[in-house]
file run.json (JSON, C-alpha atoms)
[["chain", "number", "residue", "atom", "x", "y", "z"],
["A", 1, "MET", "CA", 201.34, 252.59, 163.31],
["A", 2, "ASN", "CA", 203.86, 249.88, 162.47],
["A", 3, "SER", "CA", 204.76, 248.17, 165.75],
["A", 4, "HIS", "CA", 208.24, 247.41, 164.35],
["A", 5, "ALA", "CA", 208.97, 251.00, 163.34],
["A", 6, "VAL", "CA", 210.54, 251.98, 166.66],
["A", 7, "SER", "CA", 211.88, 250.17, 169.72],
["A", 8, "PRO", "CA", 210.34, 250.59, 173.20],
["A", 9, "LEU", "CA", 213.79, 249.78, 174.63],
["A", 10, "HIS", "CA", 215.10, 253.05, 173.24],
["A", 11, "GLY", "CA", 212.19, 254.84, 174.84],
["A", 12, "ARG", "CA", 212.86, 253.32, 178.25],
["A", 13, "VAL", "CA", 216.57, 254.17, 178.11],
["A", 14, "ALA", "CA", 215.71, 257.71, 177.00],
["A", 15, "LEU", "CA", 213.27, 258.14, 179.87],
["A", 16, "GLY", "CA", 215.81, 256.73, 182.30],
["A", 17, "GLY", "CA", 218.51, 259.16, 181.21],
["A", 18, "ILE", "CA", 216.18, 262.15, 181.26],
["A", 19, "GLY", "CA", 214.79, 261.11, 184.64],
["A", 20, "VAL", "CA", 218.26, 260.84, 186.20],
["A", 21, "ALA", "CA", 219.20, 264.26, 184.82],
["A", 22, "VAL", "CA", 216.04, 265.87, 186.22],
["A", 23, "ALA", "CA", 216.51, 264.22, 189.62],
["A", 24, "ILE", "CA", 220.10, 265.46, 189.85],
["A", 25, "SER", "CA", 219.04, 268.93, 188.76],
["A", 26, "ILE", "CA", 216.45, 269.07, 191.54],
["A", 27, "ASP", "CA", 219.00, 267.78, 194.06],
["A", 28, "LEU", "CA", 221.54, 270.45, 193.07],
["A", 29, "HIS", "CA", 218.92, 273.17, 193.32],
["A", 30, "LEU", "CA", 217.89, 272.07, 196.79],
["A", 31, "ARG", "CA", 221.31, 271.42, 198.28],
["A", 32, "LEU", "CA", 223.11, 274.37, 196.72],
["A", 33, "SER", "CA", 220.35, 276.96, 197.05],
["A", 34, "GLY", "CA", 222.51, 279.01, 199.40],
["A", 35, "GLN", "CA", 225.55, 278.93, 197.10],
["A", 36, "VAL", "CA", 224.19, 279.28, 193.57],
["A", 37, "SER", "CA", 221.38, 281.71, 192.82],
["A", 38, "PRO", "CA", 218.69, 280.12, 190.62],
["A", 39, "ILE", "CA", 217.74, 283.65, 189.54],
["A", 40, "TRP", "CA", 221.08, 285.10, 188.50],
["A", 41, "GLN", "CA", 223.50, 282.20, 188.04],
["A", 42, "THR", "CA", 223.42, 279.55, 185.32],
["A", 43, "LEU", "CA", 223.09, 275.80, 185.79],
["A", 44, "SER", "CA", 226.70, 275.37, 184.71],
["A", 45, "GLU", "CA", 227.87, 277.29, 187.77],
["A", 46, "TYR", "CA", 226.84, 274.42, 190.01],
["A", 47, "VAL", "CA", 230.29, 272.98, 189.23],
["A", 48, "TYR", "CA", 231.69, 275.50, 191.71],
["A", 49, "GLY", "CA", 229.31, 274.53, 194.50],
["A", 50, "LYS", "CA", 230.31, 272.49, 197.52],
["A", 51, "LEU", "CA", 228.41, 269.48, 198.87],
["A", 52, "GLY", "CA", 229.96, 269.24, 202.31],
["A", 53, "THR", "CA", 233.68, 268.93, 201.67],
["A", 54, "SER", "CA", 233.22, 267.66, 198.11],
["A", 55, "SER", "CA", 232.83, 269.53, 194.84],
["A", 56, "ALA", "CA", 229.46, 269.43, 193.09],
["A", 57, "ALA", "CA", 231.23, 269.29, 189.71],
["A", 58, "PRO", "CA", 231.09, 265.46, 189.32],
["A", 59, "LEU", "CA", 227.36, 265.44, 190.05],
["A", 60, "PHE", "CA", 226.77, 268.16, 187.47],
["A", 61, "SER", "CA", 228.80, 266.14, 184.95],
["A", 62, "VAL", "CA", 226.68, 263.05, 185.62],
["A", 63, "MET", "CA", 223.55, 265.14, 185.03],
["A", 64, "CYS", "CA", 224.82, 266.25, 181.62],
["A", 65, "LEU", "CA", 225.98, 262.75, 180.70],
["A", 66, "ALA", "CA", 222.64, 261.22, 181.72],
["A", 67, "LEU", "CA", 220.71, 263.71, 179.59],
["A", 68, "SER", "CA", 223.11, 263.09, 176.71],
["A", 69, "LEU", "CA", 222.63, 259.31, 177.03],
["A", 70, "GLY", "CA", 218.86, 259.69, 177.08],
["A", 71, "SER", "CA", 219.04, 261.87, 173.98],
["A", 72, "VAL", "CA", 221.22, 259.32, 172.16],
["A", 73, "ALA", "CA", 218.63, 256.65, 172.97],
["A", 74, "LEU", "CA", 215.94, 258.90, 171.47],
["A", 75, "LEU", "CA", 218.18, 259.39, 168.43],
["A", 76, "ALA", "CA", 218.56, 255.61, 168.05],
["A", 77, "GLY", "CA", 214.79, 255.10, 168.31],
["A", 78, "ILE", "CA", 214.15, 257.71, 165.63],
["A", 79, "ALA", "CA", 216.86, 256.20, 163.41],
["A", 80, "LYS", "CA", 215.21, 252.79, 163.67],
["A", 81, "ALA", "CA", 211.92, 254.29, 162.49],
["A", 82, "HIS", "CA", 213.49, 254.96, 159.03],
["A", 83, "ARG", "CA", 211.23, 257.92, 158.30],
["A", 84, "PRO", "CA", 211.94, 260.61, 155.65],
["A", 85, "GLY", "CA", 214.32, 263.19, 157.06],
["A", 86, "THR", "CA", 215.66, 260.79, 159.69],
["A", 87, "THR", "CA", 219.30, 261.56, 158.84],
["A", 88, "ALA", "CA", 218.91, 265.30, 159.45],
["A", 89, "VAL", "CA", 217.05, 264.72, 162.72],
["A", 90, "CYS", "CA", 219.72, 262.30, 163.93],
["A", 91, "VAL", "CA", 222.53, 264.70, 163.03],
["A", 92, "LEU", "CA", 220.86, 267.51, 164.95],
["A", 93, "LEU", "CA", 220.16, 265.29, 167.96],
["A", 94, "GLY", "CA", 223.77, 264.13, 167.76],
["A", 95, "VAL", "CA", 224.92, 267.75, 167.93],
["A", 96, "TRP", "CA", 222.63, 268.30, 170.95],
["A", 97, "SER", "CA", 223.97, 265.19, 172.68],
["A", 98, "ALA", "CA", 227.60, 266.08, 171.93],
["A", 99, "GLY", "CA", 227.04, 269.60, 173.22],
["A", 100, "LEU", "CA", 225.70, 268.22, 176.49],
["A", 101, "LEU", "CA", 228.73, 265.95, 176.75],
["A", 102, "VAL", "CA", 231.11, 268.88, 176.29],
["A", 103, "CYS", "CA", 229.20, 270.95, 178.85],
["A", 104, "GLY", "CA", 229.53, 268.12, 181.35],
["A", 105, "LEU", "CA", 233.26, 267.71, 180.81],
["A", 106, "VAL", "CA", 234.44, 271.29, 180.18],
["A", 107, "PRO", "CA", 233.55, 273.72, 182.98],
["A", 108, "VAL", "CA", 232.19, 277.21, 182.45],
["A", 109, "ASP", "CA", 234.32, 280.14, 183.59],
["A", 110, "PRO", "CA", 233.66, 281.28, 187.18],
["A", 111, "ASP", "CA", 231.43, 284.33, 187.40],
["A", 112, "GLY", "CA", 233.42, 287.56, 187.25],
["A", 113, "GLN", "CA", 236.65, 286.02, 186.00],
["A", 114, "ALA", "CA", 238.37, 286.50, 182.66],
["A", 115, "ARG", "CA", 237.17, 284.28, 179.83],
["A", 116, "SER", "CA", 239.31, 281.23, 179.12],
["A", 117, "LEU", "CA", 239.47, 278.98, 176.06],
["A", 118, "ALA", "CA", 237.78, 276.17, 178.01],
["A", 119, "GLY", "CA", 235.01, 278.51, 179.10],
["A", 120, "GLN", "CA", 234.44, 279.64, 175.53],
["A", 121, "VAL", "CA", 234.29, 276.01, 174.36],
["A", 122, "HIS", "CA", 231.66, 275.35, 177.05],
["A", 123, "ASN", "CA", 229.59, 278.36, 175.98],
["A", 124, "VAL", "CA", 229.73, 277.52, 172.26],
["A", 125, "ALA", "CA", 228.83, 273.89, 172.96],
["A", 126, "ALA", "CA", 225.86, 274.93, 175.09],
["A", 127, "LEU", "CA", 224.56, 277.44, 172.53],
["A", 128, "THR", "CA", 224.96, 274.97, 169.66],
["A", 129, "ALA", "CA", 223.17, 272.26, 171.63],
["A", 130, "PHE", "CA", 220.25, 274.47, 172.63],
["A", 131, "ILE", "CA", 219.72, 275.49, 169.00],
["A", 132, "ALA", "CA", 220.14, 271.96, 167.61],
["A", 133, "LEU", "CA", 217.41, 270.38, 169.78],
["A", 134, "PRO", "CA", 214.46, 272.53, 168.65],
["A", 135, "ALA", "CA", 215.79, 272.37, 165.09],
["A", 136, "ALA", "CA", 215.66, 268.57, 165.30],
["A", 137, "ALA", "CA", 212.09, 268.78, 166.59],
["A", 138, "PHE", "CA", 211.02, 270.96, 163.66],
["A", 139, "VAL", "CA", 212.58, 268.61, 161.10],
["A", 140, "LEU", "CA", 211.04, 265.58, 162.82],
["A", 141, "THR", "CA", 207.55, 267.05, 162.54],
["A", 142, "LYS", "CA", 207.64, 268.41, 159.00],
["A", 143, "LYS", "CA", 204.31, 268.12, 157.20],
["A", 144, "ASN", "CA", 203.41, 265.57, 154.53],
["A", 145, "ARG", "CA", 204.91, 262.55, 156.25],
["A", 146, "GLU", "CA", 202.52, 259.65, 156.13],
["A", 147, "ARG", "CA", 202.14, 257.29, 159.08],
["A", 148, "CYS", "CA", 204.72, 259.16, 161.15],
["A", 149, "PRO", "CA", 204.63, 258.11, 164.84],
["A", 150, "TRP", "CA", 205.28, 261.74, 165.86],
["A", 151, "GLU", "CA", 202.48, 263.24, 163.75],
["A", 152, "PRO", "CA", 199.78, 263.05, 166.52],
["A", 153, "ARG", "CA", 202.02, 265.23, 168.72],
["A", 154, "ARG", "CA", 203.21, 267.50, 165.96],
["A", 155, "THR", "CA", 201.55, 270.66, 167.33],
["A", 156, "THR", "CA", 202.84, 270.13, 170.88],
["A", 157, "ILE", "CA", 206.37, 269.36, 169.70],
["A", 158, "ARG", "CA", 206.53, 272.41, 167.45],
["A", 159, "ARG", "CA", 205.13, 274.72, 170.13],
["A", 160, "LEU", "CA", 207.71, 273.50, 172.61],
["A", 161, "ALA", "CA", 210.45, 273.87, 169.99],
["A", 162, "THR", "CA", 209.33, 277.44, 169.33],
["A", 163, "ALA", "CA", 209.31, 278.19, 173.07],
["A", 164, "SER", "CA", 212.80, 276.72, 173.29],
["A", 165, "LEU", "CA", 214.15, 278.99, 170.56],
["A", 166, "VAL", "CA", 212.50, 282.03, 172.16],
["A", 167, "ALA", "CA", 214.09, 281.12, 175.50],
["A", 168, "VAL", "CA", 217.49, 280.78, 173.79],
["A", 169, "GLY", "CA", 217.06, 284.30, 172.44],
["A", 170, "VAL", "CA", 216.18, 285.62, 175.89],
["A", 171, "VAL", "CA", 219.19, 283.88, 177.45],
["A", 172, "LEU", "CA", 221.48, 285.37, 174.79],
["A", 173, "GLY", "CA", 219.94, 288.77, 175.55],
["A", 174, "GLY", "CA", 220.83, 288.21, 179.18],
["A", 175, "PHE", "CA", 224.52, 288.42, 178.29],
["A", 176, "VAL", "CA", 223.95, 291.89, 176.82],
["A", 177, "PHE", "CA", 221.28, 293.35, 179.07],
["A", 178, "THR", "CA", 220.76, 293.02, 182.81],
["A", 179, "LEU", "CA", 218.34, 290.10, 182.90],
["A", 180, "THR", "CA", 217.72, 287.28, 185.35],
["A", 181, "LEU", "CA", 219.90, 284.97, 183.27],
["A", 182, "GLY", "CA", 219.73, 282.00, 185.63],
["A", 183, "LEU", "CA", 215.95, 282.04, 185.78],
["A", 184, "PHE", "CA", 215.52, 282.12, 182.01],
["A", 185, "GLU", "CA", 218.14, 279.41, 181.50],
["A", 186, "ARG", "CA", 216.24, 277.18, 183.93],
["A", 187, "LEU", "CA", 213.07, 277.92, 181.98],
["A", 188, "LEU", "CA", 214.92, 276.86, 178.82],
["A", 189, "PHE", "CA", 216.08, 273.67, 180.53],
["A", 190, "THR", "CA", 212.50, 272.89, 181.61],
["A", 191, "VAL", "CA", 211.11, 273.48, 178.13],
["A", 192, "ASP", "CA", 213.78, 271.30, 176.55],
["A", 193, "VAL", "CA", 213.12, 268.46, 178.99],
["A", 194, "ALA", "CA", 209.40, 268.69, 178.16],
["A", 195, "LEU", "CA", 210.30, 268.68, 174.45],
["A", 196, "LEU", "CA", 212.46, 265.57, 174.83],
["A", 197, "LEU", "CA", 209.75, 263.75, 176.79],
["A", 198, "THR", "CA", 207.16, 264.59, 174.13],
["A", 199, "MET", "CA", 209.49, 263.28, 171.42],
["A", 200, "VAL", "CA", 210.16, 260.10, 173.43],
["A", 201, "ARG", "CA", 206.50, 259.29, 174.06],
["A", 202, "PRO", "CA", 205.77, 257.71, 170.63],
["A", 203, "LEU", "CA", 208.58, 255.23, 171.27],
["A", 204, "MET", "CA", 206.83, 254.08, 174.44],
["A", 205, "ALA", "CA", 203.37, 254.08, 172.85],
["A", 206, "VAL", "CA", 204.44, 251.27, 170.54],
["A", 207, "SER", "CA", 204.98, 248.94, 173.49],
["A", 208, "ARG", "CA", 201.31, 249.23, 174.44],
["A", 209, "ARG", "CA", 200.03, 248.23, 171.04]]

call {"tool": "encode", "arguments": {"input": "run.json", "output": "structure tokens"}}
result
Amino acid sequence: MNSHAVSPLHGRVALGGIGVAVAISIDLHLRLSGQVSPIWQTLSEYVYGKLGTSSAAPLFSVMCLALSLGSVALLAGIAKAHRPGTTAVCVLLGVWSAGLLVCGLVPVDPDGQARSLAGQVHNVAALTAFIALPAAAFVLTKKNRERCPWEPRRTTIRRLATASLVAVGVVLGGFVFTLTLGLFERLLFTVDVALLLTMVRPLMAVSRR
């Protein structure tokens, strides 16, 4: 592998952003366990939780922004690799990152209330983002790419991307049927974090060569 193909700095920033997002997610789950059901309510509904006398909305926004920043760093690392198909991968990761940004800034509608324009924007941004990430992973790991840093992890990346798309389908089904929507969305979040980490790893591997 060409040691100049990708930058370890991008990998470290990506890991930092993802790590902050995961830490905040765990914190919200622990501190708001009595207010937001992890089984029935979505992650986005943490914006309506209360941490003492303060709203949990800013912390949720930071979580989304951190994950978006980490994803942009991954995008930059992939762009620097200059591999075939890089443009398509970067566009899809850009859509994923932008979707996260919108989700962090535009709140979802409260459960049981009429749908608003802002709430619809949030939902469309989330759906678009969750489809764009696995799509980027599939394009990144297309066959017949010589000396691709992501080739050794191709099978793992594509399996996680497939699991992500399946989870998206289940979550969408949760809006039609009576399913444990919150639980499946958290499963989707976990799979996508694992997918991002697997995609980031080749950036870090370069620094050890």

call {"tool": "residues_around", "arguments": {"input": "run.json", "residues": "region 160-163 of chain A", "least_positions_apart": "4", "cutoff": "12 Å", "atoms": "all atoms listed in the file", "output": "VMD selection string"}}
result
chain A and resid 130 to 141 153 to 156 167 to 170 184 187 to 199

call {"tool": "atom_distance", "arguments": {"input": "run.json", "atom1": "CA of Gln113 (chain A)", "atom2": "CA of Pro58 (chain A)"}}
result
21.6 Å

call {"tool": "closest_residue", "arguments": {"input": "run.json", "among": "A:Val89, A:Val36, A:Ala57, A:Ala76", "to": "Asp111 (chain A)", "atoms": "all atoms listed in the file"}}
result
A:Val36

call {"tool": "residues_around", "arguments": {"input": "run.json", "residues": "Val22 (chain A)", "least_positions_apart": "3", "cutoff": "10 Å", "atoms": "all atoms listed in the file", "output": "number ranges by chain"}}
result
A: 16-19, 25-28, 63-64, 66-67, 189-190, 193

call {"tool": "residues_around", "arguments": {"input": "run.json", "residues": "His10 (chain A)", "least_positions_apart": "2", "cutoff": "8 Å", "atoms": "all atoms listed in the file", "output": "PyMOL selection string"}}
result
chain A and resi 7-8+12-14+73-74+76-77+203

call {"tool": "write_last_selection", "arguments": {"input": "run.json", "atoms": "C-alpha atoms", "output": "PDB file, in the frame of the given file"}}
result
ATOM      1  CA  SER A   7     211.880 250.170 169.720  1.00  0.00           C
ATOM      2  CA  PRO A   8     210.340 250.590 173.200  1.00  0.00           C
ATOM      3  CA  ARG A  12     212.860 253.320 178.250  1.00  0.00           C
ATOM      4  CA  VAL A  13     216.570 254.170 178.110  1.00  0.00           C
ATOM      5  CA  ALA A  14     215.710 257.710 177.000  1.00  0.00           C
ATOM      6  CA  ALA A  73     218.630 256.650 172.970  1.00  0.00           C
ATOM      7  CA  LEU A  74     215.940 258.900 171.470  1.00  0.00           C
ATOM      8  CA  ALA A  76     218.560 255.610 168.050  1.00  0.00           C
ATOM      9  CA  GLY A  77     214.790 255.100 168.310  1.00  0.00           C
ATOM     10  CA  LEU A 203     208.580 255.230 171.270  1.00  0.00           C
TER      11      LEU A 203
END

call {"tool": "closest_residue", "arguments": {"input": "run.json", "among": "A:Pro202, A:Gly104, A:Gly52, A:Gly174", "to": "Ser68 (chain A)", "atoms": "all atoms listed in the file"}}
result
A:Gly104

call {"tool": "atom_distance", "arguments": {"input": "run.json", "atom1": "CA of Asp109 (chain A)", "atom2": "CA of Tyr46 (chain A)"}}
result
11.4 Å

call {"tool": "closest_residue", "arguments": {"input": "run.json", "among": "A:Leu181, A:Val200, A:Leu59, A:Leu92", "to": "Ser37 (chain A)", "atoms": "all atoms listed in the file"}}
result
A:Leu181

call {"tool": "atom_distance", "arguments": {"input": "run.json", "atom1": "CA of Cys103 (chain A)", "atom2": "CA of Ala125 (chain A)"}}
result
6.6 Å

call {"tool": "closest_residue", "arguments": {"input": "run.json", "among": "A:Pro152, A:Val72, A:Ala98, A:His29", "to": "Arg201 (chain A)", "atoms": "all atoms listed in the file"}}
result
A:Pro152

call {"tool": "closest_residue", "arguments": {"input": "run.json", "among": "A:Val124, A:Leu183, A:Cys90, A:Ala81", "to": "Trp40 (chain A)", "atoms": "all atoms listed in the file"}}
result
A:Leu183
